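Trainee: Take a look at work15.cif, mmCIF, C-alpha atoms:
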```cif
data_structure
#
loop_
_atom_site.label_atom_id
_atom_site.label_comp_id
_atom_site.auth_asym_id
_atom_site.auth_seq_id
_atom_site.Cartn_x
_atom_site.Cartn_y
_atom_site.Cartn_z
CA MET A 303 8.60 -105.06 -127.73
CA ALA A 304 11.09 -103.89 -125.13
CA ARG A 305 9.58 -101.39 -122.75
CA GLY A 306 11.07 -98.85 -120.42
CA HIS A 307 10.39 -99.14 -116.73
CA GLU A 308 6.65 -98.48 -116.76
CA ARG A 309 4.73 -98.34 -113.51
CA ALA A 310 5.50 -101.75 -111.94
CA GLY A 311 7.48 -103.90 -114.35
CA LYS A 312 9.39 -104.04 -117.57
CA VAL A 313 9.88 -106.66 -120.24
CA LEU A 314 13.48 -107.77 -120.21
CA PHE A 315 13.62 -109.16 -123.76
CA ASP A 316 12.48 -108.03 -127.22
CA SER A 317 10.18 -110.99 -127.94
CA PRO A 318 6.52 -111.29 -126.91
CA GLU A 319 6.22 -112.32 -123.31
CA GLU A 320 5.68 -116.00 -122.64
CA LEU A 321 3.45 -116.58 -119.65
CA HIS A 322 3.88 -119.65 -117.44
CA LEU A 323 0.24 -119.99 -116.43
CA PHE A 324 -0.63 -122.60 -113.83
CA ASP A 325 -3.47 -123.39 -111.46
CA PRO A 326 -2.31 -121.84 -108.21
CA GLY A 327 -4.01 -124.13 -105.68
CA ALA A 328 -2.85 -123.28 -102.16
CA MET A 329 -0.02 -120.80 -102.60
CA THR A 330 2.84 -120.38 -100.19
CA PRO A 331 3.95 -116.78 -100.48
CA ALA A 332 7.55 -116.57 -101.70
CA PRO A 333 9.77 -114.88 -99.10
CA HIS A 334 11.35 -112.56 -101.70
CA VAL A 335 7.86 -111.32 -102.61
CA ALA A 336 6.23 -111.39 -99.18
CA GLU A 337 8.95 -109.27 -97.59
CA HIS A 338 7.77 -106.30 -99.69
CA ILE A 339 4.02 -106.78 -99.32
CA PRO A 340 2.43 -105.24 -96.23
CA ASP A 341 -0.01 -107.36 -94.25
CA ALA A 342 -3.43 -105.72 -94.47
CA GLY A 343 -4.57 -107.19 -91.16
CA ALA A 344 -1.50 -106.06 -89.22
CA PHE A 345 -1.61 -102.60 -90.82
CA PHE A 346 -5.27 -102.22 -89.90
CA VAL A 347 -4.80 -103.44 -86.32
CA ASP A 348 -1.91 -101.01 -85.77
CA TRP A 349 -4.05 -98.17 -87.12
CA ALA A 350 -7.34 -99.14 -85.41
CA ILE A 351 -6.11 -99.73 -81.86
CA ARG A 352 -4.51 -96.31 -81.38
CA GLY A 353 -6.28 -94.71 -78.48
CA LEU A 354 -8.33 -97.77 -77.50
CA ASN A 355 -8.11 -99.51 -74.16
CA GLN A 356 -6.43 -102.93 -74.08
CA ASP A 357 -9.66 -104.96 -74.02
CA ARG A 358 -11.09 -103.24 -77.07
CA ALA A 359 -7.74 -103.40 -78.86
CA ARG A 360 -7.61 -107.17 -78.24
CA GLU A 361 -11.15 -107.53 -79.62
CA ILE A 362 -10.13 -105.88 -82.88
CA GLU A 363 -6.91 -107.88 -83.11
CA SER A 364 -8.80 -111.12 -82.45
CA ALA A 365 -11.47 -110.29 -85.05
CA VAL A 366 -8.81 -109.61 -87.69
CA ASN A 367 -6.56 -112.56 -86.86
CA GLY A 368 -9.53 -114.92 -86.73
CA ARG A 369 -10.07 -114.26 -90.43
CA ARG A 370 -6.55 -115.11 -91.60
CA ASN A 371 -5.83 -117.79 -94.19
CA GLN A 372 -3.79 -120.89 -93.33
CA ASN A 373 -0.80 -119.20 -94.97
CA GLY A 374 -1.01 -116.43 -92.34
CA TRP A 375 -2.18 -113.67 -94.71
CA PHE A 376 -5.44 -111.76 -94.65
CA PRO A 377 -7.78 -112.76 -97.52
CA LEU A 378 -10.30 -110.15 -98.65
CA GLU A 379 -13.18 -112.66 -98.93
CA THR A 380 -13.48 -112.53 -95.15
CA LEU A 381 -14.76 -108.98 -95.54
CA ASP A 382 -17.50 -109.85 -98.04
CA SER A 383 -20.17 -109.97 -95.34
CA ILE A 384 -19.04 -106.72 -93.70
CA GLY A 385 -20.68 -104.12 -95.93
CA SER A 386 -19.36 -100.61 -96.28
CA ARG A 387 -22.27 -98.16 -96.45
CA GLY A 388 -25.10 -97.85 -94.00
CA PHE A 389 -24.55 -101.39 -92.78
CA TRP A 390 -22.24 -101.02 -89.79
CA ARG A 391 -20.84 -104.15 -88.27
CA GLY A 392 -18.12 -102.61 -86.23
CA PRO A 393 -14.55 -101.62 -86.88
CA LEU A 394 -14.00 -104.21 -89.62
CA THR A 395 -16.12 -101.96 -91.82
CA TYR A 396 -13.08 -99.68 -91.87
CA LEU A 397 -10.85 -102.58 -92.90
CA ALA A 398 -13.21 -103.22 -95.82
CA ARG A 399 -12.97 -99.54 -96.74
CA MET A 400 -9.18 -99.60 -96.37
CA THR A 401 -8.79 -102.50 -98.82
CA ALA A 402 -11.46 -101.44 -101.32
CA ASP A 403 -8.90 -100.48 -104.00
CA ASP A 404 -6.65 -103.53 -103.54
CA PRO A 405 -8.09 -105.72 -106.34
CA ARG A 406 -7.60 -102.95 -108.92
CA ILE A 407 -4.10 -102.11 -107.65
CA LEU A 408 -2.97 -105.74 -107.69
CA GLN A 409 -4.49 -106.43 -111.12
CA GLU A 410 -2.87 -103.36 -112.68
CA TRP A 411 0.49 -104.31 -111.20
CA ALA A 412 0.26 -107.96 -112.29
CA CYS A 413 -0.84 -107.09 -115.85
CA ASP A 414 1.49 -104.18 -116.49
CA GLY A 415 2.73 -104.34 -120.09
CA LEU A 416 0.58 -107.31 -121.17
CA ARG A 417 -1.49 -107.37 -124.33
CA ASP A 418 -5.28 -107.44 -124.05
CA GLU A 419 -5.71 -111.16 -124.79
CA GLN A 420 -3.41 -112.07 -121.89
CA VAL A 421 -4.89 -109.78 -119.28
CA GLY A 422 -8.20 -111.53 -118.47
CA ARG A 423 -6.76 -114.73 -117.01
CA ILE A 424 -4.11 -112.88 -115.00
CA GLU A 425 -6.67 -110.43 -113.56
CA ALA A 426 -9.13 -113.19 -112.67
CA THR A 427 -6.55 -115.41 -110.98
CA VAL A 428 -4.89 -112.56 -109.08
CA ASP A 429 -8.31 -111.39 -107.86
CA HIS A 430 -9.28 -114.92 -106.83
CA LEU A 431 -6.03 -115.40 -104.92
CA LEU A 432 -6.30 -111.99 -103.24
CA HIS A 433 -9.77 -112.85 -102.00
CA GLN A 434 -8.98 -116.45 -101.01
CA GLN A 435 -5.34 -116.38 -99.85
CA GLY A 436 -4.24 -112.77 -99.45
CA HIS A 437 -1.97 -110.19 -101.05
CA ALA A 438 1.34 -112.06 -100.88
CA ALA A 439 -0.07 -115.25 -102.42
CA ALA A 440 -1.56 -113.29 -105.34
CA ALA A 441 1.70 -111.40 -105.89
CA THR A 442 3.75 -114.61 -105.68
CA TRP A 443 1.62 -116.22 -108.38
CA ALA A 444 1.92 -113.18 -110.67
CA VAL A 445 5.70 -113.15 -110.32
CA ALA A 446 5.87 -116.90 -111.07
CA VAL A 447 3.61 -116.59 -114.11
CA ARG A 448 5.67 -113.74 -115.58
CA PRO A 449 9.29 -114.82 -114.99
CA ARG A 450 10.68 -112.81 -117.92
CA THR A 451 9.15 -109.60 -116.61
CA TYR A 452 10.45 -107.84 -113.57
CA LEU A 453 7.36 -107.37 -111.41
CA ASP A 454 8.61 -105.29 -108.52
CA ALA A 455 6.88 -106.40 -105.31
CA GLU A 456 8.21 -103.35 -103.51
CA VAL A 457 6.33 -101.08 -105.95
CA LEU A 458 3.16 -103.07 -105.27
CA GLY A 459 3.71 -102.80 -101.52
CA ASP A 460 4.18 -99.03 -101.76
CA ARG A 461 0.99 -98.67 -103.81
CA LEU A 462 -1.01 -100.71 -101.31
CA LEU A 463 0.29 -98.71 -98.34
CA ALA A 464 -0.49 -95.41 -100.07
CA ALA A 465 -4.04 -96.54 -100.87
CA TRP A 466 -4.61 -97.79 -97.32
CA GLU A 467 -3.39 -94.54 -95.80
CA TYR A 468 -5.55 -92.53 -98.19
CA ASN A 469 -8.65 -94.67 -97.58
CA LEU A 470 -8.26 -94.41 -93.81
CA GLY A 471 -7.24 -90.75 -93.86
CA SER A 472 -10.66 -89.29 -93.13
CA ILE A 473 -11.53 -91.68 -90.30
CA ARG A 474 -10.98 -90.39 -86.79
CA ALA A 475 -9.94 -92.47 -83.77
CA LYS A 476 -13.24 -91.62 -82.09
CA ASP A 477 -15.10 -93.12 -85.11
CA VAL A 478 -13.28 -96.40 -84.52
CA ALA A 479 -13.97 -96.30 -80.79
CA LYS A 480 -17.66 -95.62 -81.47
CA SER A 481 -17.84 -98.53 -83.91
CA VAL A 482 -16.28 -100.87 -81.32
CA ARG A 483 -18.92 -99.83 -78.78
CA ARG A 484 -21.72 -100.44 -81.31
CA TRP A 485 -20.14 -103.76 -82.23
CA ASN A 486 -20.31 -104.94 -78.63
CA ARG A 487 -24.06 -104.29 -78.26
#
```
Would you write the structure of this file as structure tokens?
Mentor:
Amino acid sequence: MARGHERAGKVLFDSPEELHLFDPGAMTPAPHVAEHIPDAGAFFVDWAIRGLNQDRAREIESAVNGRRNQNGWFPLETLDSIGSRGFWRGPLTYLARMTADDPRILQEWACDGLRDEQVGRIEATVDHLLHQQGHAAAATWAVAVRPRTYLDAEVLGDRLLAAWEYNLGSIRAKDVAKSVRRWNR
């Protein structure tokens, strides 16, 4: 069952892949994984504060950093109450839009090359970790669970960055500034 380098990973041996499933608990992102995974909060702050005055920039940075997990990464569950259509709660709405594709991207990366019966648990756990502990924790768990498969964290990082840039591409700086003003009312 050897596979060529497909999308994000490849099986290194000819036998069926043996998964090392474990309950993740509180994950500490592995440095060799985390170095390739962009921080959604930092990316968003850098994008959102362009053209804003210092006070408004600090408000956005504080709002984002106040939602970080203990491990320092930005978990997506903190955006659950934000809403994305017709329910504006300020600039974090754009962060929710930016990360909308992240669960699918991470699940596809983590499950690349697996057979159907193995996919469900991996997808569910990766999604749970992404929402509770952030991108790097979810990727660290996937790499640990699939030690015989080369899951390339750099490929995942590139996919996330491309999706974030695409999802933010149609938003103008004045839209962000307007949302900050509405947020402060």
Trainee: Using only C-alpha atoms, pick whichever of A:Ala438, A:Leu394, A:Leu381, A:Ala332 has the shortest atom-to-atom distance to Glu361 in chain A.
Mentor: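 Closest to Glu361 in chain A, using only C-alpha atoms: A:Leu394.
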Trainee: Which residues fall under the PyMOL selection byres ((chain A and resi 352) around 12) in this file, as a list in words?
Mentor: Phe345, Phe346, Val347, Asp348, Trp349, Ala350, Ile351, Gly353, Leu354, Asn355, Gln356, Arg358, Ala359, Arg360, Ile362, Glu363, Arg474, Ala475, Lys476, Asp477, Val478 and Ala479 of chain A
Trainee: How many Å lie between CA of Gly368 in chain A and CA of Ile384 in chain A, rounded to one decimal?
Mentor: 14.4 Å
Trainee: Extract, using only C-alpha atoms, all DNA, RNA and protein residues at most 8 Å from range 429-431 of chain A, discarding same-chain residues fewer than 4 positions from it, and format them as JSON, numbers by chain.
Mentor: {"A": [405, 408, 409, 425, 435, 436, 437, 439, 440]}
Trainee: Rounded to one decimal in Å, what is the spacing between CA of Arg448 in chain A and CA of Glu419 in chain A?
Mentor: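 So the answer is 14.9 Å.
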Trainee: Would you mind telling me which residue in A:Thr442, A:Thr395, A:Thr401, A:Asn373 lies nearest to Tyr468 in chain A when using only C-alpha atoms?
Mentor: A:Thr401
Trainee: Quick one: pull the distance between CA of Ala336 in chain A and CA of Arg417 in chain A, Å, one decimal.
Mentor: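 Separation of CA of Ala336 in chain A and CA of Arg417 in chain A: 26.6 Å.
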Trainee: Please write the residues picked by the PyMOL selection byres ((chain A and resi 342) around 12) on this file as a PDB file with C-alpha atoms, keeping the file's coordinate frame.
Mentor:
```pdb
ATOM      1  CA  ILE A 339       4.020-106.780 -99.320  1.00  0.00           C
ATOM      2  CA  PRO A 340       2.430-105.240 -96.230  1.00  0.00           C
ATOM      3  CA  ASP A 341      -0.010-107.360 -94.250  1.00  0.00           C
ATOM      4  CA  GLY A 343      -4.570-107.190 -91.160  1.00  0.00           C
ATOM      5  CA  ALA A 344      -1.500-106.060 -89.220  1.00  0.00           C
ATOM      6  CA  PHE A 345      -1.610-102.600 -90.820  1.00  0.00           C
ATOM      7  CA  PHE A 346      -5.270-102.220 -89.900  1.00  0.00           C
ATOM      8  CA  VAL A 347      -4.800-103.440 -86.320  1.00  0.00           C
ATOM      9  CA  ASP A 348      -1.910-101.010 -85.770  1.00  0.00           C
ATOM     10  CA  TRP A 349      -4.050 -98.170 -87.120  1.00  0.00           C
ATOM     11  CA  ALA A 350      -7.340 -99.140 -85.410  1.00  0.00           C
ATOM     12  CA  VAL A 366      -8.810-109.610 -87.690  1.00  0.00           C
ATOM     13  CA  ASN A 367      -6.560-112.560 -86.860  1.00  0.00           C
ATOM     14  CA  ARG A 369     -10.070-114.260 -90.430  1.00  0.00           C
ATOM     15  CA  ARG A 370      -6.550-115.110 -91.600  1.00  0.00           C
ATOM     16  CA  GLY A 374      -1.010-116.430 -92.340  1.00  0.00           C
ATOM     17  CA  TRP A 375      -2.180-113.670 -94.710  1.00  0.00           C
ATOM     18  CA  PHE A 376      -5.440-111.760 -94.650  1.00  0.00           C
ATOM     19  CA  PRO A 377      -7.780-112.760 -97.520  1.00  0.00           C
ATOM     20  CA  LEU A 378     -10.300-110.150 -98.650  1.00  0.00           C
ATOM     21  CA  LEU A 381     -14.760-108.980 -95.540  1.00  0.00           C
ATOM     22  CA  LEU A 394     -14.000-104.210 -89.620  1.00  0.00           C
ATOM     23  CA  TYR A 396     -13.080 -99.680 -91.870  1.00  0.00           C
ATOM     24  CA  LEU A 397     -10.850-102.580 -92.900  1.00  0.00           C
ATOM     25  CA  ALA A 398     -13.210-103.220 -95.820  1.00  0.00           C
ATOM     26  CA  ARG A 399     -12.970 -99.540 -96.740  1.00  0.00           C
ATOM     27  CA  MET A 400      -9.180 -99.600 -96.370  1.00  0.00           C
ATOM     28  CA  THR A 401      -8.790-102.500 -98.820  1.00  0.00           C
ATOM     29  CA  ALA A 402     -11.460-101.440-101.320  1.00  0.00           C
ATOM     30  CA  ASP A 404      -6.650-103.530-103.540  1.00  0.00           C
ATOM     31  CA  LEU A 432      -6.300-111.990-103.240  1.00  0.00           C
ATOM     32  CA  GLY A 436      -4.240-112.770 -99.450  1.00  0.00           C
ATOM     33  CA  HIS A 437      -1.970-110.190-101.050  1.00  0.00           C
ATOM     34  CA  ALA A 438       1.340-112.060-100.880  1.00  0.00           C
ATOM     35  CA  GLY A 459       3.710-102.800-101.520  1.00  0.00           C
ATOM     36  CA  LEU A 462      -1.010-100.710-101.310  1.00  0.00           C
ATOM     37  CA  LEU A 463       0.290 -98.710 -98.340  1.00  0.00           C
ATOM     38  CA  ALA A 465      -4.040 -96.540-100.870  1.00  0.00           C
ATOM     39  CA  TRP A 466      -4.610 -97.790 -97.320  1.00  0.00           C
ATOM     40  CA  GLU A 467      -3.390 -94.540 -95.800  1.00  0.00           C
TER      41      GLU A 467
END
```
Trainee: Give me the residues within 10 Å of Cys413 in chain A as a list in words, counting all atoms listed in the file and dropping any in the same chain fewer than 6 places off.
Mentor: Ala310, Gly311, Gln420, Val421, Gly422, Arg423, Ile424, Glu425, Val428, Ala444, Arg448 and Leu453 of chain A
Trainee: Which residue out of A:Asp414, A:Asp325, A:Glu379, A:Asp357 has the minimum interatomic distance to Leu458 in chain A when only C-alpha atoms are used?
Mentor: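 So, comparing all the options, the nearest one is A:Asp414.
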Trainee: Name the residues captured by the PyMOL selection byres ((chain A and resi 322) around 6) when it is applied to the shown file; answer as a VMD selection string.
Mentor: chain A and resid 321 323 447
Trainee: Between A:Asp418, A:Ala446, A:Gly392, A:Ala426, which one has atoms that come closest to Arg483 in chain A, using only C-alpha atoms?
Mentor: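 Smallest separation from Arg483 in chain A among the options: A:Gly392.
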